[in-house]
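Engineer: Shown below is the structure under consideration.
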Amino acid sequence: MPLLLSFPLLVLLPFPVLAQDIQYTLQHNVTNIYGTWSSGSQNVVTGAGFAQPANMSFIYPKTTGMSYSFTSDGYYEIARYRMNGNGRGHFSRTSPNCITGVMNWCHGTYELVSNGSITMTPFGDGYQQIQDPCAAISNFMQNYNDTELYVQWTIYQDPVLGYMLQLYQFDGSPLPPMALLSTSPNMLPTQPLRNVSAASAATKKKRQLEQMEMMVERSSSGEPRRLAGGSGALLSGLVVLMWSVGIGSVIM
């Protein structure tokens, strides 16, 4: 009988840990997240200098990188430019001479969750351009409207670059750190900026809801997993849609 009583206790122990709210202190965040952040040489910046949604086009920056902007009332924008070399691109797995370039833009609303994560929900008008000289279609545009999850984030101060934002993806892997360019976010208008068919948006939403249902089913029997980074954030069987080259952007 004692063994039967002890088993439920062991099962219930992790849940209070998952429910704990993160405490934002100067040790965790030396400033708030509002403003525009950019990685590397800081040539990639959100706003009108990167994306032109009205005609679904891009202005190419000098170098690759990423930029995130956040307003104080819950809006975000993301600009990303990357190269996949040495055959690691989605369409060029075998040829080391095929370099895939991806320009990606989206915006919408974000939420700072009490467990220390950030969820970003797009308006539905995001898009990306994929260039691959070795593919059957070497240059094409496609919609990009995936909900994104960042399980952990922190802001620290670099002695040279100043305030730095560190985001951690759904699996705990860090993105390149981004420096604060401006406390006033440099963004396009915080509303849908191009027409996307209602049918397409509905199909996308349905697929995301199905993935979230799968997440709930799997997390009911999964063990919490501690993430890298030292904050003690926990992840349990989460499914998240992350940006990727071409199709197959569902990551579990």
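Quick note on naming: the chains in the structure tokens go A, B, ... in the order shown, residues restart at 1 in each chain, and ligands are numbered from 1 in order of appearance.
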Name the residues in contact with A:Glu77 at a cut-off of 10 Å, using only C-alpha atoms, excluding same-chain residues fewer than 5 positions from it; report them as a PDB file with N, CA, C and O atoms, in the first residue's frame.
Structural biologist:
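Result went into result.pdb, see below:
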```pdb
ATOM      1  N   THR A  36      14.209  48.006 -31.420  1.00  0.00           N
ATOM      2  CA  THR A  36      14.683  47.233 -32.570  1.00  0.00           C
ATOM      3  C   THR A  36      16.059  46.662 -32.261  1.00  0.00           C
ATOM      4  O   THR A  36      16.955  47.376 -31.815  1.00  0.00           O
ATOM      5  N   VAL A  45      17.743  45.093 -40.800  1.00  0.00           N
ATOM      6  CA  VAL A  45      16.933  45.871 -39.864  1.00  0.00           C
ATOM      7  C   VAL A  45      15.475  45.808 -40.301  1.00  0.00           C
ATOM      8  O   VAL A  45      15.171  45.917 -41.495  1.00  0.00           O
ATOM      9  N   THR A  46      14.591  45.610 -39.375  1.00  0.00           N
ATOM     10  CA  THR A  46      13.163  45.602 -39.682  1.00  0.00           C
ATOM     11  C   THR A  46      12.722  46.962 -40.227  1.00  0.00           C
ATOM     12  O   THR A  46      13.423  47.958 -40.076  1.00  0.00           O
ATOM     13  N   GLY A  47      11.547  46.980 -40.855  1.00  0.00           N
ATOM     14  CA  GLY A  47      11.007  48.236 -41.360  1.00  0.00           C
ATOM     15  C   GLY A  47      10.999  48.309 -42.872  1.00  0.00           C
ATOM     16  O   GLY A  47      11.248  47.325 -43.580  1.00  0.00           O
ATOM     17  N   SER A  67      16.825  40.606 -37.574  1.00  0.00           N
ATOM     18  CA  SER A  67      16.419  41.749 -36.770  1.00  0.00           C
ATOM     19  C   SER A  67      15.022  41.504 -36.222  1.00  0.00           C
ATOM     20  O   SER A  67      14.156  40.995 -36.927  1.00  0.00           O
ATOM     21  N   TYR A  68      14.831  41.842 -34.949  1.00  0.00           N
ATOM     22  CA  TYR A  68      13.540  41.718 -34.285  1.00  0.00           C
ATOM     23  C   TYR A  68      13.170  43.068 -33.684  1.00  0.00           C
ATOM     24  O   TYR A  68      14.023  43.746 -33.101  1.00  0.00           O
ATOM     25  N   SER A  69      11.907  43.441 -33.820  1.00  0.00           N
ATOM     26  CA  SER A  69      11.406  44.662 -33.196  1.00  0.00           C
ATOM     27  C   SER A  69      10.184  44.345 -32.354  1.00  0.00           C
ATOM     28  O   SER A  69       9.363  43.493 -32.723  1.00  0.00           O
ATOM     29  N   PHE A  70      10.055  45.043 -31.225  1.00  0.00           N
ATOM     30  CA  PHE A  70       8.939  44.843 -30.317  1.00  0.00           C
ATOM     31  C   PHE A  70       8.402  46.196 -29.856  1.00  0.00           C
ATOM     32  O   PHE A  70       9.180  47.099 -29.526  1.00  0.00           O
ATOM     33  N   THR A  71       7.083  46.332 -29.843  1.00  0.00           N
ATOM     34  CA  THR A  71       6.465  47.529 -29.289  1.00  0.00           C
ATOM     35  C   THR A  71       6.031  47.250 -27.850  1.00  0.00           C
ATOM     36  O   THR A  71       5.944  46.089 -27.423  1.00  0.00           O
ATOM     37  N   TRP A 105      10.250  37.646 -43.944  1.00  0.00           N
ATOM     38  CA  TRP A 105       9.651  38.759 -43.206  1.00  0.00           C
ATOM     39  C   TRP A 105       8.288  38.359 -42.686  1.00  0.00           C
ATOM     40  O   TRP A 105       7.511  37.679 -43.364  1.00  0.00           O
ATOM     41  N   CYS A 106       7.983  38.772 -41.453  1.00  0.00           N
ATOM     42  CA  CYS A 106       6.660  38.562 -40.884  1.00  0.00           C
ATOM     43  C   CYS A 106       6.455  39.537 -39.733  1.00  0.00           C
ATOM     44  O   CYS A 106       7.415  40.115 -39.205  1.00  0.00           O
ATOM     45  N   HIS A 107       5.209  39.726 -39.358  1.00  0.00           N
ATOM     46  CA  HIS A 107       4.887  40.568 -38.207  1.00  0.00           C
ATOM     47  C   HIS A 107       3.547  40.146 -37.638  1.00  0.00           C
ATOM     48  O   HIS A 107       2.796  39.388 -38.255  1.00  0.00           O
ATOM     49  N   GLY A 108       3.260  40.612 -36.424  1.00  0.00           N
ATOM     50  CA  GLY A 108       2.028  40.220 -35.765  1.00  0.00           C
ATOM     51  C   GLY A 108       2.029  40.654 -34.316  1.00  0.00           C
ATOM     52  O   GLY A 108       2.544  41.723 -33.981  1.00  0.00           O
ATOM     53  N   THR A 109       1.478  39.808 -33.449  1.00  0.00           N
ATOM     54  CA  THR A 109       1.406  40.121 -32.023  1.00  0.00           C
ATOM     55  C   THR A 109       2.237  39.109 -31.230  1.00  0.00           C
ATOM     56  O   THR A 109       2.372  37.954 -31.631  1.00  0.00           O
ATOM     57  N   TYR A 110       2.783  39.554 -30.104  1.00  0.00           N
ATOM     58  CA  TYR A 110       3.580  38.669 -29.266  1.00  0.00           C
ATOM     59  C   TYR A 110       3.077  38.722 -27.834  1.00  0.00           C
ATOM     60  O   TYR A 110       2.399  39.659 -27.416  1.00  0.00           O
ATOM     61  N   MET A 120       4.880  34.235 -30.660  1.00  0.00           N
ATOM     62  CA  MET A 120       4.681  35.230 -31.706  1.00  0.00           C
ATOM     63  C   MET A 120       3.666  34.699 -32.712  1.00  0.00           C
ATOM     64  O   MET A 120       3.881  33.670 -33.336  1.00  0.00           O
ATOM     65  N   PRO A 122       1.545  35.539 -36.119  1.00  0.00           N
ATOM     66  CA  PRO A 122       1.581  36.456 -37.264  1.00  0.00           C
ATOM     67  C   PRO A 122       0.200  36.946 -37.673  1.00  0.00           C
ATOM     68  O   PRO A 122      -0.818  36.300 -37.396  1.00  0.00           O
ATOM     69  N   GLY A 126       2.808  37.512 -43.926  1.00  0.00           N
ATOM     70  CA  GLY A 126       4.246  37.317 -44.060  1.00  0.00           C
ATOM     71  C   GLY A 126       4.607  36.558 -45.324  1.00  0.00           C
ATOM     72  O   GLY A 126       3.769  35.876 -45.925  1.00  0.00           O
ATOM     73  N   PRO A 185      10.937  51.223 -31.751  1.00  0.00           N
ATOM     74  CA  PRO A 185      10.940  50.165 -32.769  1.00  0.00           C
ATOM     75  C   PRO A 185      10.783  50.707 -34.184  1.00  0.00           C
ATOM     76  O   PRO A 185       9.913  51.541 -34.447  1.00  0.00           O
ATOM     77  N   ASN A 186      11.662  50.257 -35.076  1.00  0.00           N
ATOM     78  CA  ASN A 186      11.613  50.614 -36.498  1.00  0.00           C
ATOM     79  C   ASN A 186      10.805  49.533 -37.216  1.00  0.00           C
ATOM     80  O   ASN A 186      11.315  48.469 -37.545  1.00  0.00           O
ATOM     81  N   MET A 187       9.533  49.806 -37.457  1.00  0.00           N
ATOM     82  CA  MET A 187       8.625  48.783 -37.956  1.00  0.00           C
ATOM     83  C   MET A 187       7.689  49.345 -39.017  1.00  0.00           C
ATOM     84  O   MET A 187       7.432  50.552 -39.058  1.00  0.00           O
ATOM     85  N   LEU A 188       7.175  48.444 -39.843  1.00  0.00           N
ATOM     86  CA  LEU A 188       6.072  48.773 -40.732  1.00  0.00           C
ATOM     87  C   LEU A 188       4.786  48.867 -39.904  1.00  0.00           C
ATOM     88  O   LEU A 188       4.767  48.443 -38.742  1.00  0.00           O
ATOM     89  N   PRO A 189       3.712  49.411 -40.457  1.00  0.00           N
ATOM     90  CA  PRO A 189       2.464  49.524 -39.689  1.00  0.00           C
ATOM     91  C   PRO A 189       2.027  48.188 -39.085  1.00  0.00           C
ATOM     92  O   PRO A 189       2.143  47.133 -39.718  1.00  0.00           O
ATOM     93  N   THR A 190       1.547  48.236 -37.854  1.00  0.00           N
ATOM     94  CA  THR A 190       1.184  47.021 -37.114  1.00  0.00           C
ATOM     95  C   THR A 190      -0.245  46.589 -37.452  1.00  0.00           C
ATOM     96  O   THR A 190      -1.146  46.602 -36.620  1.00  0.00           O
TER      97      THR A 190
END
```
Engineer: Which residue, A:Ser173, A:Gln23, A:Ile78, A:Ile155, has the smallest gap to A:Phe50 when you use only C-alpha atoms?
Structural biologist: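 Smallest distance to A:Phe50 is found for A:Ile78.
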Engineer: Have a look at A:Val196, A:Val44, A:Met164, A:Met178 and name the one nearest to A:Thr31; count only C-alpha atoms.
Structural biologist: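 Ranked by minimum distance to A:Thr31, first place goes to A:Met164.
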Engineer: Can you work out which one of A:Asp171, A:Met103, A:Asn145, A:Tyr24 has the shortest atom-to-atom distance to A:Phe58, counting only C-alpha atoms?
Structural biologist: A:Met103
Engineer: Neighbours of A:Pro53 within 7 Å (only C-alpha atoms; same-chain residues fewer than 4 positions away dropped), as number ranges by chain?
Structural biologist: A: 57, 193-194
Engineer: Once you have the residues from the selection above, write them out as a CSV table (one decimal), in the first residue's frame, restricted to N, CA and C atoms.
Structural biologist:
```csv
chain,number,residue,atom,x,y,z
A,57,SER,N,8.0,42.1,-52.1
A,57,SER,CA,9.4,42.2,-52.5
A,57,SER,C,10.3,42.5,-51.3
A,193,LEU,N,-0.8,44.0,-44.1
A,193,LEU,CA,-0.3,44.9,-45.2
A,193,LEU,C,-0.5,44.4,-46.6
A,194,ARG,N,-0.9,43.2,-46.8
A,194,ARG,CA,-1.2,42.7,-48.1
A,194,ARG,C,-2.3,41.7,-48.0
```
Engineer: Using Å and a single decimal, report how far atom CA of A:Trp153 sits from atom CA of A:Ile118.
Structural biologist: 7.8 Å
Engineer: Might you pull out every residue within 9 Å of stretch 60-65 of chain A, with only C-alpha atoms counted and same-chain residues fewer than 2 positions away left off, and present them as a list in words?
Structural biologist: Ser38, Ser39, Gly40, Ser41, Gln42, Asn43, Val44, Val45, Gly49, Phe50, Ala51, Phe58, Ser67, Ala79, Arg80, Tyr81, Arg82, Met83, Met103 and Pro176 of chain A
Engineer: Taking C-alpha atoms for each residue, export the selection above as a PDB file, in the first residue's frame.
Structural biologist:
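The resulting file, part_11.pdb, is shown below:
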```
ATOM      1  CA  SER A  38      19.860  43.380 -34.948  1.00  0.00           C
ATOM      2  CA  SER A  39      22.549  40.682 -35.152  1.00  0.00           C
ATOM      3  CA  GLY A  40      26.101  40.688 -36.509  1.00  0.00           C
ATOM      4  CA  SER A  41      27.061  43.708 -38.601  1.00  0.00           C
ATOM      5  CA  GLN A  42      23.518  45.035 -38.071  1.00  0.00           C
ATOM      6  CA  ASN A  43      22.801  45.491 -41.788  1.00  0.00           C
ATOM      7  CA  VAL A  44      19.516  43.596 -41.489  1.00  0.00           C
ATOM      8  CA  VAL A  45      16.933  45.871 -39.864  1.00  0.00           C
ATOM      9  CA  GLY A  49      14.278  49.298 -45.655  1.00  0.00           C
ATOM     10  CA  PHE A  50      13.914  45.502 -45.703  1.00  0.00           C
ATOM     11  CA  ALA A  51      10.434  44.392 -46.806  1.00  0.00           C
ATOM     12  CA  PHE A  58      12.607  42.708 -50.535  1.00  0.00           C
ATOM     13  CA  SER A  67      16.419  41.749 -36.770  1.00  0.00           C
ATOM     14  CA  ALA A  79      13.425  40.466 -40.767  1.00  0.00           C
ATOM     15  CA  ARG A  80      15.813  37.604 -41.612  1.00  0.00           C
ATOM     16  CA  TYR A  81      18.349  37.025 -44.369  1.00  0.00           C
ATOM     17  CA  ARG A  82      20.431  33.858 -44.399  1.00  0.00           C
ATOM     18  CA  MET A  83      22.526  31.655 -46.655  1.00  0.00           C
ATOM     19  CA  MET A 103      14.823  36.390 -47.246  1.00  0.00           C
ATOM     20  CA  PRO A 176      22.756  34.861 -32.702  1.00  0.00           C
TER      21      PRO A 176
END
```
Engineer: Identify, on the basis of only C-alpha atoms, every residue whose closest approach to A:Ile130 does not exceed 7 Å; exclude the query and any residue fewer than 5 positions from it along the same chain; express the result as a PyMOL selection string.
Structural biologist: chain A and resi 101-103+139-141
Engineer: Would you mind telling me which residue in A:Leu165, A:Met56, A:Cys134, A:Leu149 lies nearest to A:Asn195 when using only C-alpha atoms?
Structural biologist: A:Met56
Engineer: What residues in stretch 171-201 of chain A get the DSSP label strand (DSSP E)? Please answer as number ranges by chain.
Structural biologist: A: 178-182
